[in-house]
$ cat target-v7.tsv   # TSV, C-alpha atoms
chain	number	residue	atom	x	y	z
A	40	MET	CA	197.52	193.19	-8.12
A	41	SER	CA	198.01	193.70	-4.40
A	42	PRO	CA	198.08	197.31	-3.21
A	43	PRO	CA	201.24	198.40	-1.37
A	44	VAL	CA	200.89	197.89	2.36
A	45	THR	CA	202.94	199.96	4.79
A	46	ILE	CA	202.66	199.85	8.57
A	47	ARG	CA	202.92	203.22	10.32
A	48	MET	CA	206.23	203.16	12.20
A	49	PRO	CA	206.91	202.83	14.97
A	50	PRO	CA	203.71	200.95	15.80
A	51	ASP	CA	202.08	202.15	19.03
A	52	ILE	CA	201.62	198.77	20.71
A	53	GLN	CA	199.15	198.89	23.60
A	54	SER	CA	197.32	196.30	25.67
A	55	VAL	CA	194.20	196.11	27.79
A	56	ASP	CA	193.20	193.52	30.37
A	57	ILE	CA	189.80	191.92	29.84
A	58	GLY	CA	188.84	189.17	32.27
A	59	GLY	CA	192.46	188.67	33.26
A	60	HIS	CA	193.60	188.18	29.68
A	61	SER	CA	195.76	190.56	27.67
A	62	ILE	CA	194.33	191.97	24.43
A	63	VAL	CA	196.95	193.76	22.32
A	64	PHE	CA	196.00	196.54	19.92
A	65	ILE	CA	197.67	199.04	17.62
A	66	ASP	CA	195.81	202.18	16.55
A	67	ASN	CA	196.58	204.01	13.28
A	68	PHE	CA	198.07	200.73	12.10
A	69	LEU	CA	198.49	201.27	8.36
A	70	GLN	CA	199.82	204.31	6.53
A	71	ASP	CA	197.03	204.08	3.94
A	72	PRO	CA	194.12	201.98	5.27
A	73	GLN	CA	191.77	203.42	2.65
A	74	ALA	CA	193.74	201.56	-0.02
A	75	LEU	CA	192.67	198.30	1.63
A	76	VAL	CA	189.05	199.45	1.70
A	77	GLU	CA	189.26	200.12	-2.03
A	78	ALA	CA	190.90	196.72	-2.57
A	79	ALA	CA	188.01	195.13	-0.72
A	80	ALA	CA	185.53	197.01	-2.89
A	81	GLN	CA	187.13	195.35	-5.94
A	82	SER	CA	187.27	191.87	-4.39
A	83	PRO	CA	184.93	188.94	-5.12
A	84	PHE	CA	183.18	188.25	-1.81
A	85	GLU	CA	181.61	184.82	-1.31
A	86	ARG	CA	179.46	183.02	1.23
A	87	PRO	CA	181.51	180.63	3.40
A	88	ALA	CA	180.32	177.03	3.08
A	89	THR	CA	179.63	176.95	6.83
A	90	LEU	CA	176.79	179.47	6.39
A	91	ASP	CA	174.63	176.77	4.86
A	92	GLU	CA	175.14	174.81	8.08
A	93	LEU	CA	174.06	177.86	10.14
A	94	LYS	CA	177.46	178.17	11.80
A	95	GLY	CA	180.76	179.95	11.34
A	96	TYR	CA	181.23	183.53	10.19
A	97	PRO	CA	177.83	185.22	9.59
A	98	GLY	CA	178.63	187.02	6.38
A	99	LEU	CA	180.80	187.24	3.27
A	100	ARG	CA	184.53	186.81	2.83
A	101	ALA	CA	187.18	187.52	0.20
A	102	PRO	CA	190.92	186.74	0.29
A	103	ALA	CA	193.05	189.50	1.79
A	104	PRO	CA	195.84	190.88	-0.41
A	105	ALA	CA	198.99	188.78	-0.16
A	106	ALA	CA	201.07	191.89	0.52
A	107	TYR	CA	198.94	192.69	3.59
A	108	THR	CA	199.20	189.18	5.01
A	109	GLN	CA	202.97	189.05	4.47
A	110	THR	CA	203.58	192.48	6.01
A	111	LEU	CA	201.30	191.70	8.96
A	112	THR	CA	202.98	188.36	9.62
A	113	GLU	CA	206.47	189.85	9.60
A	114	LEU	CA	205.39	192.23	12.36
A	115	LEU	CA	203.21	189.87	14.39
A	116	ASP	CA	205.44	186.79	14.54
A	117	PRO	CA	207.85	188.40	17.06
A	118	LEU	CA	205.18	190.65	18.61
A	119	ILE	CA	202.93	187.71	19.48
A	120	LYS	CA	205.82	185.72	20.92
A	121	VAL	CA	206.79	188.58	23.24
A	122	ASN	CA	203.27	189.56	24.32
A	123	PHE	CA	201.61	186.15	24.58
A	124	GLN	CA	204.45	184.00	25.91
A	125	VAL	CA	204.76	181.87	22.78
A	126	PRO	CA	208.01	179.83	22.82
A	127	GLU	CA	210.62	181.46	20.61
A	128	HIS	CA	211.48	178.26	18.72
A	129	LEU	CA	207.96	177.71	17.37
A	130	GLY	CA	207.38	178.59	13.73
A	131	VAL	CA	204.35	180.59	12.66
A	132	LYS	CA	201.64	179.08	10.45
A	133	VAL	CA	199.28	181.45	8.67
A	134	GLY	CA	195.67	180.29	8.41
A	135	LEU	CA	192.78	182.18	6.91
A	136	SER	CA	193.47	185.81	5.98
A	137	ALA	CA	190.36	187.44	4.58
A	138	PHE	CA	188.25	190.54	4.18
A	139	SER	CA	185.03	189.98	6.13
A	140	LEU	CA	181.61	191.64	5.92
A	141	THR	CA	178.86	190.79	8.39
A	142	THR	CA	175.62	190.41	6.41
A	143	VAL	CA	173.36	187.78	8.02
A	144	GLN	CA	170.13	189.12	9.56
A	145	PRO	CA	169.60	188.17	13.24
A	146	GLU	CA	166.57	185.98	12.48
A	147	GLN	CA	168.67	183.97	10.00
A	148	LEU	CA	171.43	183.12	12.49
A	149	GLY	CA	171.85	179.52	13.56
A	150	PRO	CA	171.87	178.67	17.29
A	151	LEU	CA	175.68	178.49	17.41
A	152	GLN	CA	175.96	181.95	15.81
A	153	ARG	CA	173.84	183.51	18.56
A	154	THR	CA	176.30	182.88	21.40
A	155	PRO	CA	179.99	183.55	22.07
A	156	HIS	CA	182.41	181.12	20.44
A	157	PHE	CA	186.09	180.20	20.41
A	158	ASP	CA	188.27	179.74	17.32
A	159	ALA	CA	190.50	176.92	18.58
A	160	SER	CA	191.52	175.27	21.85
A	161	THR	CA	195.24	174.97	21.03
A	162	PRO	CA	197.48	177.12	23.26
A	163	TYR	CA	199.05	179.41	20.66
A	164	TYR	CA	196.26	180.00	18.16
A	165	MET	CA	195.92	183.75	17.63
A	166	ALA	CA	193.45	186.04	15.88
A	167	ALA	CA	194.44	189.38	14.33
A	168	LEU	CA	191.54	191.68	13.47
A	169	LEU	CA	191.99	194.90	11.51
A	170	TRP	CA	189.01	197.25	11.62
A	171	LEU	CA	188.29	198.99	8.32
A	172	CYS	CA	185.10	200.57	9.65
A	173	ASP	CA	184.38	203.01	12.47
A	174	GLU	CA	183.20	202.73	16.08
A	175	SER	CA	179.53	202.76	15.07
A	176	HIS	CA	180.03	199.11	14.08
A	177	GLY	CA	180.44	197.91	17.67
A	178	GLY	CA	183.45	195.83	18.56
A	179	THR	CA	184.51	192.43	19.85
A	180	GLY	CA	183.17	191.27	23.23
A	181	PHE	CA	184.73	188.72	25.58
A	182	TYR	CA	182.82	186.45	27.95
A	183	ARG	CA	182.79	183.90	30.75
A	184	HIS	CA	180.59	180.82	30.53
A	185	ASN	CA	178.62	180.82	33.75
A	186	ALA	CA	178.05	177.12	34.32
A	187	THR	CA	181.70	176.10	33.86
A	188	GLY	CA	183.48	179.36	34.66
A	189	CYS	CA	185.45	179.04	31.41
A	190	GLN	CA	186.76	182.16	29.69
A	191	ARG	CA	189.39	180.39	27.63
A	192	ILE	CA	188.86	176.98	26.05
A	193	THR	CA	191.85	174.64	26.33
A	194	ALA	CA	192.55	170.98	25.65
A	195	GLY	CA	191.93	170.38	29.35
A	196	ASN	CA	188.46	171.92	29.60
A	197	ARG	CA	187.17	171.69	26.00
A	198	GLU	CA	185.16	168.48	26.32
A	199	ARG	CA	183.50	169.53	29.58
A	200	TYR	CA	182.70	172.98	28.22
A	201	LEU	CA	181.19	171.64	24.98
A	202	ASP	CA	179.13	169.03	26.84
A	203	VAL	CA	177.57	171.70	29.08
A	204	TYR	CA	177.28	174.31	26.32
A	205	ASN	CA	175.56	171.93	23.88
A	206	GLU	CA	173.15	170.75	26.54
A	207	GLU	CA	172.24	174.36	27.33
A	208	VAL	CA	171.71	175.30	23.69
A	209	ASN	CA	169.60	172.21	23.04
A	210	ARG	CA	167.50	172.83	26.14
A	211	ARG	CA	166.92	176.52	25.47
A	212	ARG	CA	167.50	177.84	21.98
A	213	PRO	CA	169.23	181.25	22.04
A	214	PRO	CA	167.02	184.10	20.80
A	215	PRO	CA	167.70	185.33	17.22
A	216	ARG	CA	170.14	188.15	17.90
A	217	TYR	CA	173.82	189.00	17.77
A	218	PHE	CA	175.16	188.37	21.27
A	219	ASP	CA	176.64	191.40	22.99
A	220	ARG	CA	175.81	191.47	26.70
A	221	SER	CA	175.34	189.13	29.64
A	222	ASP	CA	172.56	186.56	29.90
A	223	GLU	CA	171.95	183.49	32.07
A	224	GLN	CA	174.48	181.49	30.02
A	225	PHE	CA	177.37	183.97	29.58
A	226	THR	CA	178.76	186.96	31.48
A	227	PHE	CA	180.08	189.91	29.48
A	228	LEU	CA	183.64	190.74	30.61
A	229	GLY	CA	184.44	193.65	28.33
A	230	MET	CA	184.70	194.83	24.77
A	231	MET	CA	187.44	196.00	22.44
A	232	PRO	CA	185.64	198.77	20.50
A	233	ALA	CA	185.86	199.07	16.75
A	234	ARG	CA	187.96	201.93	15.44
A	235	PHE	CA	189.00	202.58	11.86
A	236	ASN	CA	192.57	201.33	11.23
A	237	ARG	CA	192.81	199.60	14.64
A	238	LEU	CA	194.51	196.19	14.76
A	239	VAL	CA	193.51	193.88	17.62
A	240	VAL	CA	195.34	190.66	18.53
A	241	TYR	CA	193.99	188.08	20.98
A	242	PRO	CA	194.09	184.33	21.67
A	243	GLY	CA	191.53	182.48	19.58
A	244	SER	CA	190.78	180.26	22.58
A	245	LEU	CA	189.01	183.12	24.38
A	246	LEU	CA	185.21	183.07	24.30
A	247	HIS	CA	184.26	186.05	22.17
A	248	SER	CA	181.58	187.45	19.92
A	249	ALA	CA	181.13	190.30	17.48
A	250	CYS	CA	179.10	193.11	19.08
A	251	ILE	CA	176.95	194.30	16.20
A	252	ASN	CA	174.28	196.92	15.60
A	253	PRO	CA	172.14	195.15	12.95
A	254	ALA	CA	170.53	198.41	11.82
A	255	ARG	CA	173.95	199.82	10.96
A	256	SER	CA	176.33	196.97	10.21
A	257	LEU	CA	174.61	194.38	8.01
A	258	ASN	CA	175.67	195.70	4.63
A	259	SER	CA	177.49	193.99	1.76
A	260	ASP	CA	179.12	197.23	0.55
A	261	PRO	CA	182.74	197.28	1.80
A	262	ARG	CA	182.68	201.07	1.91
A	263	LYS	CA	179.63	201.15	4.18
A	264	GLY	CA	179.45	197.84	6.04
A	265	ARG	CA	181.28	196.24	8.95
A	266	LEU	CA	184.49	195.59	7.03
A	267	THR	CA	187.37	193.86	8.80
A	268	VAL	CA	190.41	191.85	7.81
A	269	ASN	CA	190.62	188.63	9.84
A	270	THR	CA	193.94	186.76	9.94
A	271	PHE	CA	194.62	183.66	12.01
A	272	TYR	CA	197.93	182.24	13.19
A	273	ASP	CA	199.06	179.08	14.95
A	274	PHE	CA	202.47	178.39	16.43
$ encode --input "target-v7.tsv" --output "structure tokens"
Amino acid sequence: MSPPVTIRMPPDIQSVDIGGHSIVFIDNFLQDPQALVEAAAQSPFERPATLDELKGYPGLRAPAPAAYTQTLTELLDPLIKVNFQVPEHLGVKVGLSAFSLTTVQPEQLGPLQRTPHFDASTPYYMAALLWLCDESHGGTGFYRHNATGCQRITAGNRERYLDVYNEEVNRRRPPPRYFDRSDEQFTFLGMMPARFNRLVVYPGSLLHSACINPARSLNSDPRKGRLTVNTFYDF
């Protein structure tokens, strides 16, 4: 049974500019975020199939409560359209909505998990991330790819970016670590820090990566680990 989910009203909608792109966030998002933590603690987490291919989310996932996803969507459909210039007539499609726990050790990451990534190259694909852990668990970093100058992957630059990116990764395998700062391949533009009960919304086409402290965050206990709820939308 889904726990009741109530958004603290009115939501304090804020935004920050990172690399010329707007990242929207709402602090103190839910009235009772601890109820979601407890729901996660009772949920059956599983390894995503992509982990066996050494790509995708580096940890465990469990379906988010339906009441959370419905309540979130009712708020974010108009909010995203206003803040990210999504045409009003487009309907919202809900993708994955899941509790997530980062658990993979750095040395077990595949090459594609060791660099920034993008979720989709379509123009109105959005990610909504609710932090159910505190600031000691890092945050989400945003990046520019040095060789192409890309910060956001679109239909127009996707093929060129992937050609250059794949050649770089094949030529020089990334070291086994969670990416968080600049290197010769990517420039760090800024980070949205973790904060308990903070909701962050950003375009999934931006190059981004989880900034993780492996000594602190790689834990499969929802009450202790890097617990988030990740929900994806397309319009």
$ atom_distance --input "target-v7.tsv" --atom1 "CA of Met165 in chain A" --atom2 "CA of Leu257 in chain A"
25.7 Å
$ residues_near_point --input "target-v7.tsv" --point "(179.1, 178.0, 27.9)" --cutoff "9 Å" --atoms "only C-alpha atoms" --output "PDB file with C-alpha atoms, in the coordinates of the input"
ATOM      1  CA  THR A 154     176.300 182.880  21.400  1.00  0.00           C
ATOM      2  CA  PRO A 155     179.990 183.550  22.070  1.00  0.00           C
ATOM      3  CA  HIS A 156     182.410 181.120  20.440  1.00  0.00           C
ATOM      4  CA  ARG A 183     182.790 183.900  30.750  1.00  0.00           C
ATOM      5  CA  HIS A 184     180.590 180.820  30.530  1.00  0.00           C
ATOM      6  CA  ASN A 185     178.620 180.820  33.750  1.00  0.00           C
ATOM      7  CA  ALA A 186     178.050 177.120  34.320  1.00  0.00           C
ATOM      8  CA  THR A 187     181.700 176.100  33.860  1.00  0.00           C
ATOM      9  CA  GLY A 188     183.480 179.360  34.660  1.00  0.00           C
ATOM     10  CA  CYS A 189     185.450 179.040  31.410  1.00  0.00           C
ATOM     11  CA  GLN A 190     186.760 182.160  29.690  1.00  0.00           C
ATOM     12  CA  TYR A 200     182.700 172.980  28.220  1.00  0.00           C
ATOM     13  CA  LEU A 201     181.190 171.640  24.980  1.00  0.00           C
ATOM     14  CA  VAL A 203     177.570 171.700  29.080  1.00  0.00           C
ATOM     15  CA  TYR A 204     177.280 174.310  26.320  1.00  0.00           C
ATOM     16  CA  ASN A 205     175.560 171.930  23.880  1.00  0.00           C
ATOM     17  CA  GLU A 207     172.240 174.360  27.330  1.00  0.00           C
ATOM     18  CA  VAL A 208     171.710 175.300  23.690  1.00  0.00           C
ATOM     19  CA  GLN A 224     174.480 181.490  30.020  1.00  0.00           C
ATOM     20  CA  PHE A 225     177.370 183.970  29.580  1.00  0.00           C
ATOM     21  CA  LEU A 246     185.210 183.070  24.300  1.00  0.00           C
TER      22      LEU A 246
END
$ residues_around --input "target-v7.tsv" --residues "range 96-100 of chain A" --least-positions-apart "6" --cutoff "8 Å" --atoms "all atoms listed in the file" --output "PyMOL selection string"
chain A and resi 84-87+89-90+137-143+148+152+259
$ closest_residue --input "target-v7.tsv" --among "A:Val133, A:Asn196, A:Asn236, A:Phe218" --to "Phe64 in chain A" --atoms "only C-alpha atoms"
A:Asn236
$ atom_distance --input "target-v7.tsv" --atom1 "CA of Leu266 in chain A" --atom2 "CA of Met231 in chain A"
15.7 Å
$ closest_residue --input "target-v7.tsv" --among "A:Ser160, A:Thr226, A:Asn209, A:Gln53" --to "Gly243 in chain A" --atoms "only C-alpha atoms"
A:Ser160
$ atom_distance --input "target-v7.tsv" --atom1 "CA of Ser244 in chain A" --atom2 "CA of Ala159 in chain A"
5.2 Å
$ closest_residue --input "target-v7.tsv" --among "A:Ile52, A:Ala166, A:Leu114, A:Val131" --to "Tyr241 in chain A" --atoms "only C-alpha atoms"
A:Ala166
$ closest_residue --input "target-v7.tsv" --among "A:Pro126, A:Pro261, A:Gly149, A:Gly180" --to "His247 in chain A" --atoms "only C-alpha atoms"
A:Gly180
$ closest_residue --input "target-v7.tsv" --among "A:Thr110, A:Gln147, A:Asn252, A:Gln73" --to "Lys94 in chain A" --atoms "only C-alpha atoms"
A:Gln147
$ closest_residue --input "target-v7.tsv" --among "A:Leu228, A:Ile46, A:Ala194, A:Ala105" --to "Ile65 in chain A" --atoms "all atoms listed in the file"
A:Ile46
$ residues_around --input "target-v7.tsv" --residues "Glu77 in chain A" --least-positions-apart "6" --cutoff "12 Å" --atoms "only C-alpha atoms" --output "count of residues only"
12
$ residues_around --input "target-v7.tsv" --residues "Met48 in chain A" --least-positions-apart "4" --cutoff "10 Å" --atoms "all atoms listed in the file" --output "JSON, numbers by chain"
{"A": [67, 68, 69, 70]}
$ build_atoms --input "target-v7.tsv" --residues "range 90-117 of chain A" --atoms "N, CA and C atoms" --output "tab-separated table (two decimals), in the frame of the given file"
chain	number	residue	atom	x	y	z
A	90	LEU	N	178.05	178.74	6.23
A	90	LEU	CA	176.79	179.47	6.39
A	90	LEU	C	175.59	178.58	6.11
A	91	ASP	N	175.74	177.66	5.17
A	91	ASP	CA	174.63	176.77	4.86
A	91	ASP	C	174.33	175.82	6.01
A	92	GLU	N	175.32	175.66	6.90
A	92	GLU	CA	175.14	174.81	8.08
A	92	GLU	C	174.74	175.64	9.30
A	93	LEU	N	174.47	176.94	9.08
A	93	LEU	CA	174.06	177.86	10.14
A	93	LEU	C	175.11	177.96	11.25
A	94	LYS	N	176.38	177.99	10.83
A	94	LYS	CA	177.46	178.17	11.80
A	94	LYS	C	178.61	178.89	11.11
A	95	GLY	N	179.62	179.25	11.90
A	95	GLY	CA	180.76	179.95	11.34
A	95	GLY	C	180.48	181.44	11.15
A	96	TYR	N	181.32	182.08	10.36
A	96	TYR	CA	181.23	183.53	10.19
A	96	TYR	C	179.92	183.92	9.52
A	97	PRO	N	179.16	184.86	10.11
A	97	PRO	CA	177.83	185.22	9.59
A	97	PRO	C	177.88	186.31	8.52
A	98	GLY	N	178.54	186.02	7.42
A	98	GLY	CA	178.63	187.02	6.38
A	98	GLY	C	179.44	186.55	5.20
A	99	LEU	N	180.06	187.50	4.51
A	99	LEU	CA	180.80	187.24	3.27
A	99	LEU	C	182.29	187.42	3.50
A	100	ARG	N	183.08	186.68	2.70
A	100	ARG	CA	184.53	186.81	2.83
A	100	ARG	C	185.19	186.84	1.45
A	101	ALA	N	186.35	187.48	1.39
A	101	ALA	CA	187.18	187.52	0.20
A	101	ALA	C	188.64	187.46	0.64
A	102	PRO	N	189.52	186.83	-0.13
A	102	PRO	CA	190.92	186.74	0.29
A	102	PRO	C	191.54	188.12	0.49
A	103	ALA	N	192.30	188.26	1.56
A	103	ALA	CA	193.05	189.50	1.79
A	103	ALA	C	194.23	189.56	0.83
A	104	PRO	N	194.67	190.77	0.46
A	104	PRO	CA	195.84	190.88	-0.41
A	104	PRO	C	197.06	190.19	0.19
A	105	ALA	N	197.81	189.50	-0.64
A	105	ALA	CA	198.99	188.78	-0.16
A	105	ALA	C	199.99	189.72	0.49
A	106	ALA	N	200.11	190.93	-0.05
A	106	ALA	CA	201.07	191.89	0.52
A	106	ALA	C	200.69	192.27	1.95
A	107	TYR	N	199.39	192.38	2.22
A	107	TYR	CA	198.94	192.69	3.59
A	107	TYR	C	199.30	191.55	4.53
A	108	THR	N	198.96	190.32	4.13
A	108	THR	CA	199.20	189.18	5.01
A	108	THR	C	200.68	189.01	5.30
A	109	GLN	N	201.53	189.20	4.28
A	109	GLN	CA	202.97	189.05	4.47
A	109	GLN	C	203.51	190.13	5.40
A	110	THR	N	203.11	191.37	5.17
A	110	THR	CA	203.58	192.48	6.01
A	110	THR	C	203.11	192.31	7.45
A	111	LEU	N	201.85	191.92	7.62
A	111	LEU	CA	201.30	191.70	8.96
A	111	LEU	C	202.06	190.60	9.69
A	112	THR	N	202.32	189.51	9.00
A	112	THR	CA	202.98	188.36	9.62
A	112	THR	C	204.39	188.70	10.06
A	113	GLU	N	205.11	189.47	9.24
A	113	GLU	CA	206.47	189.85	9.60
A	113	GLU	C	206.50	190.65	10.90
A	114	LEU	N	205.48	191.46	11.11
A	114	LEU	CA	205.39	192.23	12.36
A	114	LEU	C	204.92	191.37	13.52
A	115	LEU	N	203.88	190.56	13.28
A	115	LEU	CA	203.21	189.87	14.39
A	115	LEU	C	203.94	188.63	14.89
A	116	ASP	N	204.74	187.99	14.07
A	116	ASP	CA	205.44	186.79	14.54
A	116	ASP	C	206.23	187.11	15.81
A	117	PRO	N	207.14	188.09	15.81
A	117	PRO	CA	207.85	188.40	17.06
A	117	PRO	C	206.97	189.08	18.10
